[in-house]
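Here the structure is laid out as structure tokens; the discussion comes afterwards.
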There are 2 protein chains.
Amino acid sequence: MRARISDVAAAAGVSVTTVSLVMNGVESRISDETSQRVRDAARAVGYAPSSLARGLRTQRTRTVGLISDQIATTPFAGRMLAGAQDVARDHGHLVFLVNTDSDETIEQEAIRALTAHQVDAMIYATMWHRTVTPPAGLRPDTVFLDCRPDGGGFRSTVPDDREGGASAVRELVAAGHRRIAYLDTVDTLPIASSLRLEGYLAVLAEAGIDADPALHVRGATSAQGGREATERLLDLGADRPTAIFCFNDRMAVGAYTAAHRRGLDIPRDVSIIGYDDQQLIAAEQDPPLTTIALPHYEMGRWAMEAALGVRADGDTDAAYLMECPVIRRDSVGPPPAEVG
Amino acid sequence: MRARISDVAAAAGVSVTTVSLVMNGVESRISDETSQRVRDAARAVGYAPSSLARGLRTQRTRTVGLISDQIATTPFAGRMLAGAQDVARDHGHLVFLVNTDSDETIEQEAIRALTAHQVDAMIYATMWHRTVTPPAGLRPDTVFLDCRPDGGGFRSTVPDDREGGASAVRELVAAGHRRIAYLDTVDTLPIASSLRLEGYLAVLAEAGIDADPALHVRGATSAQGGREATERLLDLGADRPTAIFCFNDRMAVGAYTAAHRRGLDIPRDVSIIGYDDQQLIAAEQDPPLTTIALPHYEMGRWAMEAALGVRADGDTDAAYLMECPVIRRDSVGPPPAEVG
DNA sequence: TTGAAAGCGCTAACAC
DNA sequence: GTGTTAGCGCTTTCAA
């Protein structure tokens, strides 16, 4: 069996107290020689302290539970987990990952199991920015990742979608566009939709452009939805937009298709900007898609830092807004001299 | 603080043994009445057994460690985790997820930490099918997921890429094609590349078609790589293939672009089949891409079942080959009557 | 500078 | 049918 602390003590000819002290770096009172002897003995017998026994004694397990709604169906999960993971590792913690598929029974079960395992902290994550009703029994120091608890009272971090939407439109305005469409989703669940709309409207006003309701269209959140909505936009003839801000990259792909079918070149005839900076999609379009990145990795890091109590600004219960940077590629240019 | 077993015992007026027995369902010797009293008391004081104390005592923690090389940079991770996760939950286990980014130091550290936490089982996963050198110190009952340990000796599951490649080409042959290209990757790391080539060659032979070396081209594993390689194929003029089997969906997207640029319709003028069934890509192409699915979810399940010892066929150290099913969409049709 | 011993919360052998 | 108790492997108080 694995070596215990008493094996090390016996091998080094000291007490278990001494071994414990040395292993935990509390060496103020231990002589250098003893300390070295203990270390050698530990290595010799292949000793590794039992986290279980230590956790039982100290009531701190150096584990954190991460409950997430989806993990399988979105490519976003990864970056968030990676961020959380990296921070946990830097602080010597292991993370329990539980995927609930938004099933309340599974969620309750997860909370129970995680509690039974005495995790030091808990993170509740969703894969799309939205408002959630915190499940009953969630500890009050739980950190919400990519979602806001509807009653407040918890720490949380979400992308700054309003400002992200504003950045996108500002990018278009800076390129010289005045007729800018917002290709929105019909899906009302993600609050990102309305937040980005706010940003869109704000920048239009800021630039002295009257918002034309005809330029705010909606479609299904898919390439096909984006294509169909773009076709409606292009049907506007001389009134058609010269630039389209798409709710996300998938819809932007549809906008590309619609434009290409009409023989419109991107960005010469029409500029397109997306949202999400989705891997394997945005950068691989032809031309590569200019878009707004969702700061998943950074949010993952922030949440874990807040959960572990290693960041000062993680102590407020106001949602921490994470910046969505502009990723400039080749789908935005100046408007065409003339719209045919 | 949280309730302990002795609190329940006191509340129910019984011994801790009785409580323990009831909580663990070993009620053979407990009267129904006592049993009910204990259960009520437990609920009343809000008792949940400490997994730590139980684990220390029984030396079984009901946790499993899952070490993976990448999680952030691929959309594949999710389905594998979901499969593993689902099985773990069904068996009352929690999973520790560790992402190593293929860094050996982090890998060693992960093994150490997981061992210290006394996980009941361990899974070593990669996000692309490949051969790996097992890290030192890995327990012999570790299960390899989507990779094979180069010296053997461990249980593992990988996709049956040879048969998957064969299925793809069979699909094309069945549609009537004779000039079938294999648009391969230049990347030699994934053994999937050569396995699929074997399948391609085998089916060609089986159908009595001479393999034309000119139809086996390679490109970078990206849409651009696929486009460039496809252009070379299309440059063959009258000798051009009527169907292209692409190493993966990303490259297939490039093949679409190349075909469309030459005014070729898919599948009327050229049929295309991909591999991976990558979410948000394959199904969203125009026309939707026929492809071969990688059985990530199923492999995740298999690995966890093998790790937990709940499947009989998980006991051999030969790699378990998981079937890659054909996903029929609209990019494959009969060959054109005449090649222009 | 070091050691003895209590106790974290539980299970299970054994006694009644 | 139920209770007593040792002990899982560690940390930490207290004493030497």
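Following the order of the structure tokens, first chain is A, next is B, and so on, with residues numbered from 1 inside each chain and ligands from 1 in the order they appear.
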Show me which bits of chain C are within 8 Å of chain B, counting only C-alpha atoms (C1' of nucleotides), as a count of residues only.
3
Those of segment 20-249 of chain A in DSSP alpha helix (DSSP H), formatted as a ChimeraX atom specification
/A:20-23,32-45,51-58,77-90,104-116,161-174,192-206,223-234,249
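For segment 179-196 of chain B, the residues within 6 Å (counting only C-alpha atoms (C1' of nucleotides), excluding itself and residues fewer than 2 positions away along the chain) are Arg130, Asp161, Arg162, Gly165, His177, Glu198, Gly199, Leu215, His216, Val217, Arg218, Gly219, Ala220, Thr221, Pro241, Thr242, Ala243, Ile244, Phe245, Cys246 and Phe247 of chain B.
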Strand (DSSP E or B) call set, DSSP backbone run, segment 172-284 of chain B, as a PyMOL selection string:
chain B and resi 180-185+216-219+243-246+271-273+276
Mind running chain B against chain A at 9 Å and telling me each contacting residue's nearest atom pair with the distance in Å (one decimal), counting only C-alpha atoms, chain and number ascending, as a tab-separated table?
residue	atom	partner	partner_atom	distance
B:Ala48	CA	A:Ala116	CA	6.3
B:Pro49	CA	A:Ala116	CA	6.3
B:Ser50	CA	A:Ala116	CA	5.1
B:Ser51	CA	A:His117	CA	5.0
B:Leu52	CA	A:Leu52	CA	5.7
B:Ala53	CA	A:Leu56	CA	6.2
B:Gly55	CA	A:Leu52	CA	7.0
B:Leu56	CA	A:Leu52	CA	5.9
B:Thr61	CA	A:Leu52	CA	8.7
B:Thr63	CA	A:Phe96	CA	9.0
B:Gln70	CA	A:Gly78	CA	8.8
B:Ile71	CA	A:Gly78	CA	5.3
B:Ala72	CA	A:Gly78	CA	4.1
B:Thr73	CA	A:Gly78	CA	7.1
B:Thr74	CA	A:Pro75	CA	7.2
B:Pro75	CA	A:Pro75	CA	4.6
B:Phe76	CA	A:Pro75	CA	7.9
B:Ala77	CA	A:Gly78	CA	7.6
B:Gly78	CA	A:Ala72	CA	4.1
B:Arg79	CA	A:Ala72	CA	4.6
B:Met80	CA	A:Ala72	CA	7.8
B:Leu81	CA	A:Ala72	CA	7.4
B:Ala82	CA	A:Ala72	CA	5.8
B:Gly83	CA	A:Ala72	CA	8.8
B:Gln85	CA	A:Asn99	CA	7.1
B:Asp86	CA	A:Asn99	CA	8.2
B:Arg89	CA	A:Val98	CA	8.7
B:Gly92	CA	A:Ala113	CA	8.6
B:His93	CA	A:Ala113	CA	8.7
B:Leu94	CA	A:Phe96	CA	6.7
B:Val95	CA	A:Phe96	CA	5.5
B:Phe96	CA	A:Phe96	CA	4.4
B:Leu97	CA	A:Val95	CA	6.1
B:Val98	CA	A:Gln85	CA	7.2
B:Asn99	CA	A:Gln85	CA	7.1
B:Ile106	CA	A:Arg89	CA	8.8
B:Ala110	CA	A:Leu94	CA	8.6
B:Arg112	CA	A:Ala48	CA	7.9
B:Ala113	CA	A:Leu94	CA	7.6
B:Leu114	CA	A:Leu94	CA	8.1
B:Thr115	CA	A:Ala48	CA	8.3
B:Ala116	CA	A:Ser50	CA	5.1
B:His117	CA	A:Ser51	CA	5.0
B:Gln118	CA	A:Ser50	CA	7.5
B:Ser222	CA	A:Glu284	CA	7.7
B:Ala223	CA	A:Glu284	CA	6.2
B:Gln224	CA	A:Glu284	CA	7.4
B:Arg250	CA	A:Leu280	CA	7.7
B:Gly254	CA	A:Glu284	CA	8.9
B:Thr257	CA	A:Asp286	CA	8.6
B:Gln279	CA	A:Thr73	CA	7.9
B:Leu280	CA	A:Arg250	CA	7.6
B:Ile281	CA	A:Ile281	CA	7.6
B:Glu284	CA	A:Ala223	CA	6.2
B:Gln285	CA	A:Ala223	CA	8.3
B:Asp286	CA	A:Thr257	CA	8.6
B:Tyr297	CA	A:Ala72	CA	8.7
Please identify all residues of chain D having at least one atom at most 9 Å from any atom of chain A, considering only C-alpha atoms (C1' of nucleotides), and return them as a list of chain:residue names.
D:DC8, D:DG9, D:DC10, D:DT11, D:DT12
Please save N, CA and C atoms (P, O5', C5', C4', C3', O3' and C1' of nucleotides) of the selected residues as a tab-separated table (two decimals), in the first residue's frame.
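Result file follows (result-v7.tsv):
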chain	number	residue	atom	x	y	z
D	8	DC	P	-5.38	2.26	10.95
D	8	DC	O5'	-5.74	2.89	9.54
D	8	DC	C5'	-6.63	2.26	8.62
D	8	DC	C4'	-7.32	3.34	7.85
D	8	DC	C3'	-6.43	4.55	7.58
D	8	DC	O3'	-5.80	4.39	6.31
D	8	DC	C1'	-8.65	5.20	8.30
D	9	DG	P	-4.18	4.37	6.21
D	9	DG	O5'	-3.81	5.91	6.33
D	9	DG	C5'	-4.30	6.81	5.35
D	9	DG	C4'	-4.04	8.22	5.82
D	9	DG	C3'	-2.60	8.51	6.23
D	9	DG	O3'	-2.20	9.67	5.54
D	9	DG	C1'	-4.09	9.27	7.88
D	10	DC	P	-0.80	10.36	5.66
D	10	DC	O5'	-1.15	11.68	6.48
D	10	DC	C5'	-1.84	12.74	5.83
D	10	DC	C4'	-2.63	13.52	6.83
D	10	DC	C3'	-1.86	14.56	7.63
D	10	DC	O3'	-1.87	15.77	6.88
D	10	DC	C1'	-3.52	13.44	8.95
D	11	DT	P	-0.91	16.96	7.31
D	11	DT	O5'	-1.70	17.64	8.52
D	11	DT	C5'	-2.92	18.32	8.24
D	11	DT	C4'	-3.48	18.89	9.53
D	11	DT	C3'	-2.66	20.02	10.15
D	11	DT	O3'	-3.62	20.92	10.68
D	11	DT	C1'	-2.89	18.31	11.73
D	12	DT	P	-3.28	22.44	11.00
D	12	DT	O5'	-3.29	22.45	12.60
D	12	DT	C5'	-4.43	21.96	13.27
D	12	DT	C4'	-4.10	21.84	14.74
D	12	DT	C3'	-3.10	22.89	15.25
D	12	DT	O3'	-3.51	23.26	16.54
D	12	DT	C1'	-2.31	20.77	15.79
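Atom CA of Leu289 of chain A is positioned 5.6 Å from atom CA of Arg329 of chain A.
The space between atom CA of Asp40 of chain B and atom CA of Gly137 of chain A spans 19.2 Å.
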Nearby residues (only C-alpha atoms (C1' of nucleotides)) at most 8 Å from Ala293 of chain A, same-chain spacing under 5 positions excluded, as a VMD selection string:
chain A and resid 275 to 278 324 to 327
Give me a file of those residues, with C-alpha atoms, as a PDB file, in the first residue's frame.
ATOM      1  CA  TYR A 275     -19.789  38.324 -32.677  1.00  0.00           C
ATOM      2  CA  ASP A 276     -18.226  35.435 -30.683  1.00  0.00           C
ATOM      3  CA  ASP A 277     -14.973  34.966 -32.631  1.00  0.00           C
ATOM      4  CA  GLN A 278     -15.933  31.351 -32.879  1.00  0.00           C
ATOM      5  CA  CYS A 324     -15.327  41.992 -25.538  1.00  0.00           C
ATOM      6  CA  PRO A 325     -12.454  43.003 -27.821  1.00  0.00           C
ATOM      7  CA  VAL A 326     -12.711  43.711 -31.551  1.00  0.00           C
ATOM      8  CA  ILE A 327     -10.938  41.110 -33.677  1.00  0.00           C
TER       9      ILE A 327
END
